[in-house]
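**Student:** Dropping in start-v4.txt, which is compact mmCIF, C-alpha atoms:
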# COMPACT_ATOMS: atom_id res chain seq x y z
CA MET A 1 -118.94 94.58 141.13
CA LYS A 2 -120.77 96.58 143.78
CA ALA A 3 -120.64 99.77 141.63
CA ARG A 4 -122.15 97.86 138.71
CA GLY A 5 -125.06 96.74 140.93
CA ASN A 6 -125.64 100.33 142.05
CA ILE A 7 -125.76 101.53 138.43
CA ILE A 8 -128.23 98.82 137.46
CA MET A 9 -130.39 99.55 140.52
CA SER A 10 -130.35 103.31 139.73
CA LEU A 11 -131.32 102.61 136.12
CA ILE A 12 -134.21 100.40 137.24
CA MET A 13 -135.44 103.13 139.59
CA VAL A 14 -135.32 105.81 136.87
CA VAL A 15 -137.16 103.61 134.36
CA SER A 16 -139.76 102.70 137.00
CA ALA A 17 -140.34 106.36 137.88
CA PHE A 18 -140.67 107.25 134.19
CA CYS A 19 -143.20 104.45 133.65
CA PHE A 20 -145.15 105.56 136.70
CA LEU A 21 -145.33 109.15 135.40
CA ILE A 22 -146.53 107.96 131.99
CA PHE A 23 -149.23 105.70 133.41
CA SER A 24 -150.41 108.30 135.91
CA GLY A 25 -150.90 110.81 133.08
CA VAL A 26 -148.27 113.30 134.18
CA ILE A 27 -146.21 112.59 131.07
CA HIS A 28 -147.88 111.74 127.79
CA PHE A 29 -146.86 111.70 124.19
CA LYS A 30 -150.21 112.10 122.46
CA GLN A 31 -150.72 115.65 121.24
CA PRO A 32 -154.26 116.97 121.64
CA GLY A 33 -156.18 117.24 118.39
CA MET A 34 -158.86 119.56 117.08
CA ASP A 35 -161.59 117.09 118.05
CA ASP A 36 -160.41 117.13 121.67
CA PHE A 37 -160.70 120.92 121.79
CA LYS A 38 -164.03 120.96 119.93
CA ASN A 39 -165.53 118.41 122.32
CA ALA A 40 -164.46 120.51 125.29
CA ALA A 41 -165.69 123.79 123.79
CA VAL A 42 -169.09 122.57 122.67
CA LYS A 43 -170.02 122.08 126.34
CA TYR A 44 -169.77 125.85 126.78
CA TYR A 45 -171.76 126.81 123.71
CA ASP A 46 -174.82 128.73 124.87
CA GLU A 47 -177.64 129.07 122.31
CA ALA A 48 -179.01 132.05 124.23
CA THR A 49 -175.89 134.15 123.64
CA MET A 50 -174.03 132.52 120.71
CA VAL A 51 -174.63 131.35 117.16
CA PRO A 52 -172.45 129.06 115.06
CA GLY A 53 -170.12 131.23 113.03
CA ASP A 54 -168.63 130.58 109.63
CA GLN A 55 -165.51 131.77 107.83
CA VAL A 56 -167.20 135.02 106.80
CA LYS A 57 -168.09 135.92 110.40
CA LEU A 58 -164.61 134.97 111.59
CA ARG A 59 -162.97 137.15 108.95
CA LYS A 60 -165.35 140.03 109.60
CA ALA A 61 -164.84 139.94 113.37
CA TYR A 62 -161.10 139.27 113.53
CA GLY A 63 -159.66 139.53 110.04
CA ILE A 64 -158.67 135.85 110.18
CA ASN A 65 -159.00 134.23 106.78
CA ALA A 66 -160.10 130.59 106.85
CA ARG A 67 -157.62 129.88 104.03
CA ASP A 68 -154.84 130.65 106.51
CA THR A 69 -156.10 127.99 108.92
CA GLU A 70 -156.25 124.21 108.86
CA ASP A 71 -159.49 123.95 110.82
CA PHE A 72 -161.61 126.10 113.12
CA ILE A 73 -164.72 126.29 115.21
CA TYR A 74 -166.35 129.64 115.89
CA TYR A 75 -169.37 130.41 118.01
CA ALA A 76 -170.04 134.10 117.50
CA PRO A 77 -171.97 136.45 119.78
CA LYS A 78 -175.67 136.43 118.96
CA SER A 79 -175.83 140.19 119.37
CA THR A 80 -173.40 143.08 119.23
CA MET A 81 -174.43 143.70 122.82
CA ASP A 82 -172.91 140.39 123.93
CA ALA A 83 -169.29 139.34 124.48
CA SER A 84 -169.85 135.57 124.62
CA GLU A 85 -167.92 133.65 121.99
CA ILE A 86 -165.75 130.61 121.41
CA ILE A 87 -162.93 130.41 118.90
CA ILE A 88 -160.70 127.40 118.38
CA ILE A 89 -158.35 127.45 115.40
CA ARG A 90 -155.64 125.10 114.21
CA PHE A 91 -153.05 126.93 112.13
CA PRO A 92 -150.38 125.45 109.85
CA ASP A 93 -147.72 126.82 112.22
CA GLU A 94 -147.27 128.39 115.64
CA LYS A 95 -146.63 131.85 114.21
CA GLY A 96 -150.16 131.97 112.76
CA ALA A 97 -151.63 131.13 116.16
CA GLU A 98 -149.53 133.77 117.91
CA ASN A 99 -150.47 136.46 115.36
CA ALA A 100 -154.17 135.60 115.66
CA ALA A 101 -153.92 135.69 119.47
CA ALA A 102 -152.52 139.23 119.30
CA THR A 103 -155.39 140.24 116.99
CA ILE A 104 -158.01 138.71 119.26
CA LYS A 105 -156.49 140.30 122.35
CA SER A 106 -156.41 143.72 120.71
CA ARG A 107 -160.03 143.52 119.53
CA THR A 108 -161.39 142.17 122.79
CA LEU A 109 -159.64 144.90 124.79
CA LYS A 110 -161.33 147.52 122.60
CA LEU A 111 -164.68 145.79 123.08
CA ARG A 112 -164.11 145.60 126.82
CA ASP A 113 -163.52 149.34 126.97
CA GLN A 114 -166.71 149.98 124.99
CA PHE A 115 -168.76 147.63 127.17
CA ARG A 116 -167.33 149.08 130.38
CA ASN A 117 -169.53 152.19 130.06
CA TYR A 118 -172.89 150.70 129.17
CA LYS A 119 -172.77 146.92 129.82
CA PRO A 120 -170.23 146.31 132.57
CA GLU A 121 -171.24 142.64 132.95
CA GLN A 122 -170.08 142.04 129.35
CA ALA A 123 -166.79 143.82 130.11
CA ASP A 124 -166.38 141.42 133.03
CA LEU A 125 -166.94 138.48 130.67
CA ILE A 126 -164.04 139.70 128.57
CA ASP A 127 -161.88 140.29 131.66
CA ASN A 128 -162.50 136.68 132.71
CA SER A 129 -162.11 135.21 129.23
CA TYR A 130 -159.57 132.54 128.36
CA LEU A 131 -157.03 133.04 125.55
CA LYS A 132 -154.40 130.36 125.01
CA VAL A 133 -151.95 129.47 122.27
CA GLN A 134 -150.86 125.86 122.45
CA GLY A 135 -148.51 125.07 119.60
CA LYS A 136 -150.51 125.48 116.38
CA TYR A 137 -153.80 125.90 118.28
CA LEU A 138 -155.48 129.08 119.41
CA ILE A 139 -158.26 128.81 121.98
CA TYR A 140 -160.42 131.76 123.02
CA ILE A 141 -163.46 131.37 125.26
CA SER A 142 -165.50 134.24 126.60
CA SER A 143 -168.56 133.03 128.46
CA GLU A 144 -170.18 132.80 131.86
CA LYS A 145 -168.35 129.50 132.27
CA SER A 146 -164.87 130.59 131.17
CA ARG A 147 -163.28 129.21 134.34
CA GLU A 148 -164.75 125.75 133.79
CA ALA A 149 -163.73 125.89 130.14
CA ARG A 150 -160.19 126.84 131.14
CA ALA A 151 -159.98 123.84 133.46
CA ASP A 152 -161.22 121.50 130.70
CA ILE A 153 -158.80 122.89 128.11
CA GLU A 154 -155.86 122.76 130.53
CA GLN A 155 -156.73 119.13 131.24
CA ILE A 156 -156.55 118.36 127.51
CA ILE A 157 -153.23 120.14 127.14
CA LYS A 158 -151.69 118.51 130.23
Here is a file; write its structure as structure tokens.
**Tutor:**
Amino acid sequence: MKARGNIIMSLIMVVSAFCFLIFSGVIHFKQPGMDDFKNAAVKYYDEATMVPGDQVKLRKAYGINARDTEDFIYYAPKSTMDASEIIIIRFPDEKGAENAAATIKSRTLKLRDQFRNYKPEQADLIDNSYLKVQGKYLIYISSEKSREARADIEQIIK
């Protein structure tokens, strides 16, 4: 009888801890959506250095075809002399996001090397940029406020 009471008490404690973690936000079951990421990213859009990009600009810059995505937001650099940009893409599967991340990383490393010689502050932007694959989502933010953007995105993912 005493063992049965211990089992019930242990079960109650585990369920209580689980409920506490859910209500405190440590554990959650809602997956972030494109709107969550867009709302976070738009705060870091800077009209002085970026322009809204379309599928043509995205394909031209990274070779990513909009037909291979489910949704995207792209704020392109206003000038070829600037490294500020925001890319958030939802792909049909995780493999698409991982492939695009490799493409973005490769291109931005080349740009960083080019900027290093004549615009080192832009190379630093790329060094401090944020690239994340979260499931079917790819998030890339290169701006003066990349650290703040990273914190916001990580909060959404958490």
**Student:** Could you list, as number ranges by chain, every residue within 6 Å of stretch 68-73 of chain A, counting only C-alpha atoms and ignoring same-chain residues fewer than 3 positions away?
**Tutor:** A: 65, 87-91
**Student:** When you count only C-alpha atoms, which of these residues is closest to A:Glu148: A:Tyr62, A:Tyr75, A:Phe115, A:Tyr44?
**Tutor:**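 Checking each of A:Tyr62, A:Tyr75, A:Phe115, A:Tyr44 against A:Glu148, counting only C-alpha atoms, the winner is A:Tyr44.
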**Student:** Which one is closest to A:Lys60: A:Asp113, A:Gly96, A:Ala101, A:Arg107? Count only C-alpha atoms.
**Tutor:**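 Comparing A:Asp113, A:Gly96, A:Ala101, A:Arg107 against A:Lys60, the winner is A:Arg107.
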**Student:** So that I can check the surroundings of A:Leu125, please list as a list in words every protein, DNA and RNA residue that reaches within 9 Å of it, counting all atoms listed in the file and ignoring chain neighbours fewer than 6 positions away.
**Tutor:**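 Skipping anything fewer than 6 positions along the chain leaves Ala83, Ser84, Arg112, Ser142, Ser143, Glu144 and Ser146 of chain A.
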**Student:** Using only C-alpha atoms, can you tell me which of A:Ser106, A:Gln55, A:Gln122, A:Asn99 comes closest to A:Pro77?
**Tutor:**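 Once distances to A:Pro77 are computed over only C-alpha atoms, the minimum belongs to A:Gln122.
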**Student:** Excluding same-chain residues fewer than 3 positions from A:Ile139, what lies within 12 Å of it counting all atoms listed in the file, as a PyMOL selection string?
**Tutor:** chain A and resi 34+36-38+40-41+72-75+85-91+97-98+100-101+104-105+129-136+142+146+149-150+152-154+156-157
**Student:** Point out the residue among A:Lys95, A:Arg147, A:Lys57, A:Arg67 with the least atom-to-atom distance to A:Ile126, counting only C-alpha atoms.
**Tutor:**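 The shortest atom-to-atom distance to A:Ile126 comes from A:Arg147.
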**Student:** In Å, with one decimal, what is the gap from atom CA of A:Ala66 to atom CA of A:Tyr140?
**Tutor:** 16.2 Å
**Student:** So how many Å separate atom CA of A:Ala48 and atom CA of A:Tyr137, to one decimal?
**Tutor:**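 Between atom CA of A:Ala48 and atom CA of A:Tyr137 the gap works out to 26.6 Å.
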**Student:** Could you tell me which of A:Leu138, A:Ala61, A:Asp124, A:Glu47 comes closest to A:Asp93 if we count all atoms listed in the file?
**Tutor:**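 Closest residue, counting all atoms listed in the file: A:Leu138.
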**Student:** Smallest atom-to-atom distance to A:Leu58: which of A:Thr103, A:Asp46, A:Asp35, A:Leu109, using only C-alpha atoms?
**Tutor:**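 Of all the options, A:Thr103 lies closest to A:Leu58.
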**Student:** Go ahead and compute the interatomic distance for atom CA of A:Arg59 and atom CA of A:Ala102, in Å to one decimal.
**Tutor:**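 Between these atoms lies a distance of 14.9 Å.
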**Student:** Since the input lacks some atoms of stretch 70-93 of chain A, please model N, CA, C and O atoms and print them as a PDB file, keeping the file's coordinate frame.
**Tutor:**
ATOM      1  N   GLU A  70    -156.019 125.605 109.244  1.00  0.00           N
ATOM      2  CA  GLU A  70    -156.250 124.210 108.860  1.00  0.00           C
ATOM      3  C   GLU A  70    -157.648 123.755 109.248  1.00  0.00           C
ATOM      4  O   GLU A  70    -158.241 122.932 108.576  1.00  0.00           O
ATOM      5  N   ASP A  71    -158.156 124.290 110.347  1.00  0.00           N
ATOM      6  CA  ASP A  71    -159.490 123.950 110.820  1.00  0.00           C
ATOM      7  C   ASP A  71    -159.883 124.977 111.886  1.00  0.00           C
ATOM      8  O   ASP A  71    -159.012 125.564 112.522  1.00  0.00           O
ATOM      9  N   PHE A  72    -161.173 125.190 112.063  1.00  0.00           N
ATOM     10  CA  PHE A  72    -161.610 126.100 113.120  1.00  0.00           C
ATOM     11  C   PHE A  72    -163.042 125.801 113.526  1.00  0.00           C
ATOM     12  O   PHE A  72    -163.802 125.162 112.810  1.00  0.00           O
ATOM     13  N   ILE A  73    -163.353 126.280 114.720  1.00  0.00           N
ATOM     14  CA  ILE A  73    -164.720 126.290 115.210  1.00  0.00           C
ATOM     15  C   ILE A  73    -164.935 127.689 115.765  1.00  0.00           C
ATOM     16  O   ILE A  73    -164.057 128.244 116.441  1.00  0.00           O
ATOM     17  N   TYR A  74    -166.066 128.275 115.438  1.00  0.00           N
ATOM     18  CA  TYR A  74    -166.350 129.640 115.890  1.00  0.00           C
ATOM     19  C   TYR A  74    -167.807 129.737 116.274  1.00  0.00           C
ATOM     20  O   TYR A  74    -168.689 129.467 115.472  1.00  0.00           O
ATOM     21  N   TYR A  75    -168.036 130.080 117.532  1.00  0.00           N
ATOM     22  CA  TYR A  75    -169.370 130.410 118.010  1.00  0.00           C
ATOM     23  C   TYR A  75    -169.352 131.903 118.283  1.00  0.00           C
ATOM     24  O   TYR A  75    -168.681 132.363 119.209  1.00  0.00           O
ATOM     25  N   ALA A  76    -170.061 132.635 117.458  1.00  0.00           N
ATOM     26  CA  ALA A  76    -170.040 134.100 117.500  1.00  0.00           C
ATOM     27  C   ALA A  76    -171.106 134.626 118.461  1.00  0.00           C
ATOM     28  O   ALA A  76    -172.103 133.946 118.738  1.00  0.00           O
ATOM     29  N   PRO A  77    -170.929 135.848 118.940  1.00  0.00           N
ATOM     30  CA  PRO A  77    -171.970 136.450 119.780  1.00  0.00           C
ATOM     31  C   PRO A  77    -173.266 136.600 118.977  1.00  0.00           C
ATOM     32  O   PRO A  77    -173.233 136.950 117.795  1.00  0.00           O
ATOM     33  N   LYS A  78    -174.371 136.331 119.616  1.00  0.00           N
ATOM     34  CA  LYS A  78    -175.670 136.430 118.960  1.00  0.00           C
ATOM     35  C   LYS A  78    -176.025 137.887 118.661  1.00  0.00           C
ATOM     36  O   LYS A  78    -176.725 138.179 117.706  1.00  0.00           O
ATOM     37  N   SER A  79    -175.516 138.775 119.482  1.00  0.00           N
ATOM     38  CA  SER A  79    -175.830 140.190 119.370  1.00  0.00           C
ATOM     39  C   SER A  79    -174.553 140.996 119.558  1.00  0.00           C
ATOM     40  O   SER A  79    -173.613 140.544 120.206  1.00  0.00           O
ATOM     41  N   THR A  80    -174.548 142.193 119.016  1.00  0.00           N
ATOM     42  CA  THR A  80    -173.400 143.080 119.230  1.00  0.00           C
ATOM     43  C   THR A  80    -173.336 143.562 120.668  1.00  0.00           C
ATOM     44  O   THR A  80    -172.341 144.151 121.072  1.00  0.00           O
ATOM     45  N   MET A  81    -174.387 143.303 121.421  1.00  0.00           N
ATOM     46  CA  MET A  81    -174.430 143.700 122.820  1.00  0.00           C
ATOM     47  C   MET A  81    -173.943 142.584 123.745  1.00  0.00           C
ATOM     48  O   MET A  81    -174.092 142.665 124.956  1.00  0.00           O
ATOM     49  N   ASP A  82    -173.362 141.536 123.158  1.00  0.00           N
ATOM     50  CA  ASP A  82    -172.910 140.390 123.930  1.00  0.00           C
ATOM     51  C   ASP A  82    -171.448 140.098 123.623  1.00  0.00           C
ATOM     52  O   ASP A  82    -171.004 140.247 122.487  1.00  0.00           O
ATOM     53  N   ALA A  83    -170.717 139.647 124.633  1.00  0.00           N
ATOM     54  CA  ALA A  83    -169.290 139.340 124.480  1.00  0.00           C
ATOM     55  C   ALA A  83    -169.012 137.844 124.532  1.00  0.00           C
ATOM     56  O   ALA A  83    -167.853 137.437 124.532  1.00  0.00           O
ATOM     57  N   SER A  84    -170.052 137.018 124.554  1.00  0.00           N
ATOM     58  CA  SER A  84    -169.850 135.570 124.620  1.00  0.00           C
ATOM     59  C   SER A  84    -169.444 135.038 123.259  1.00  0.00           C
ATOM     60  O   SER A  84    -170.129 135.272 122.260  1.00  0.00           O
ATOM     61  N   GLU A  85    -168.333 134.309 123.219  1.00  0.00           N
ATOM     62  CA  GLU A  85    -167.920 133.650 121.990  1.00  0.00           C
ATOM     63  C   GLU A  85    -166.865 132.605 122.275  1.00  0.00           C
ATOM     64  O   GLU A  85    -166.210 132.626 123.316  1.00  0.00           O
ATOM     65  N   ILE A  86    -166.746 131.682 121.327  1.00  0.00           N
ATOM     66  CA  ILE A  86    -165.750 130.610 121.410  1.00  0.00           C
ATOM     67  C   ILE A  86    -165.054 130.534 120.070  1.00  0.00           C
ATOM     68  O   ILE A  86    -165.706 130.472 119.026  1.00  0.00           O
ATOM     69  N   ILE A  87    -163.728 130.541 120.114  1.00  0.00           N
ATOM     70  CA  ILE A  87    -162.930 130.410 118.900  1.00  0.00           C
ATOM     71  C   ILE A  87    -161.843 129.374 119.164  1.00  0.00           C
ATOM     72  O   ILE A  87    -161.087 129.502 120.135  1.00  0.00           O
ATOM     73  N   ILE A  88    -161.786 128.371 118.324  1.00  0.00           N
ATOM     74  CA  ILE A  88    -160.700 127.400 118.380  1.00  0.00           C
ATOM     75  C   ILE A  88    -160.206 127.222 116.947  1.00  0.00           C
ATOM     76  O   ILE A  88    -160.984 126.883 116.054  1.00  0.00           O
ATOM     77  N   ILE A  89    -158.925 127.490 116.747  1.00  0.00           N
ATOM     78  CA  ILE A  89    -158.350 127.450 115.400  1.00  0.00           C
ATOM     79  C   ILE A  89    -157.063 126.650 115.421  1.00  0.00           C
ATOM     80  O   ILE A  89    -156.230 126.829 116.319  1.00  0.00           O
ATOM     81  N   ARG A  90    -156.912 125.783 114.432  1.00  0.00           N
ATOM     82  CA  ARG A  90    -155.640 125.100 114.210  1.00  0.00           C
ATOM     83  C   ARG A  90    -154.988 125.745 112.996  1.00  0.00           C
ATOM     84  O   ARG A  90    -155.556 125.774 111.912  1.00  0.00           O
ATOM     85  N   PHE A  91    -153.809 126.277 113.188  1.00  0.00           N
ATOM     86  CA  PHE A  91    -153.050 126.930 112.130  1.00  0.00           C
ATOM     87  C   PHE A  91    -151.984 125.988 111.582  1.00  0.00           C
ATOM     88  O   PHE A  91    -151.614 125.020 112.250  1.00  0.00           O
ATOM     89  N   PRO A  92    -151.467 126.277 110.399  1.00  0.00           N
ATOM     90  CA  PRO A  92    -150.380 125.450 109.850  1.00  0.00           C
ATOM     91  C   PRO A  92    -149.097 125.543 110.682  1.00  0.00           C
ATOM     92  O   PRO A  92    -148.294 124.617 110.675  1.00  0.00           O
ATOM     93  N   ASP A  93    -148.923 126.665 111.406  1.00  0.00           N
ATOM     94  CA  ASP A  93    -147.720 126.820 112.220  1.00  0.00           C
ATOM     95  C   ASP A  93    -148.023 127.659 113.466  1.00  0.00           C
ATOM     96  O   ASP A  93    -149.084 128.270 113.576  1.00  0.00           O
TER      97      ASP A  93
END
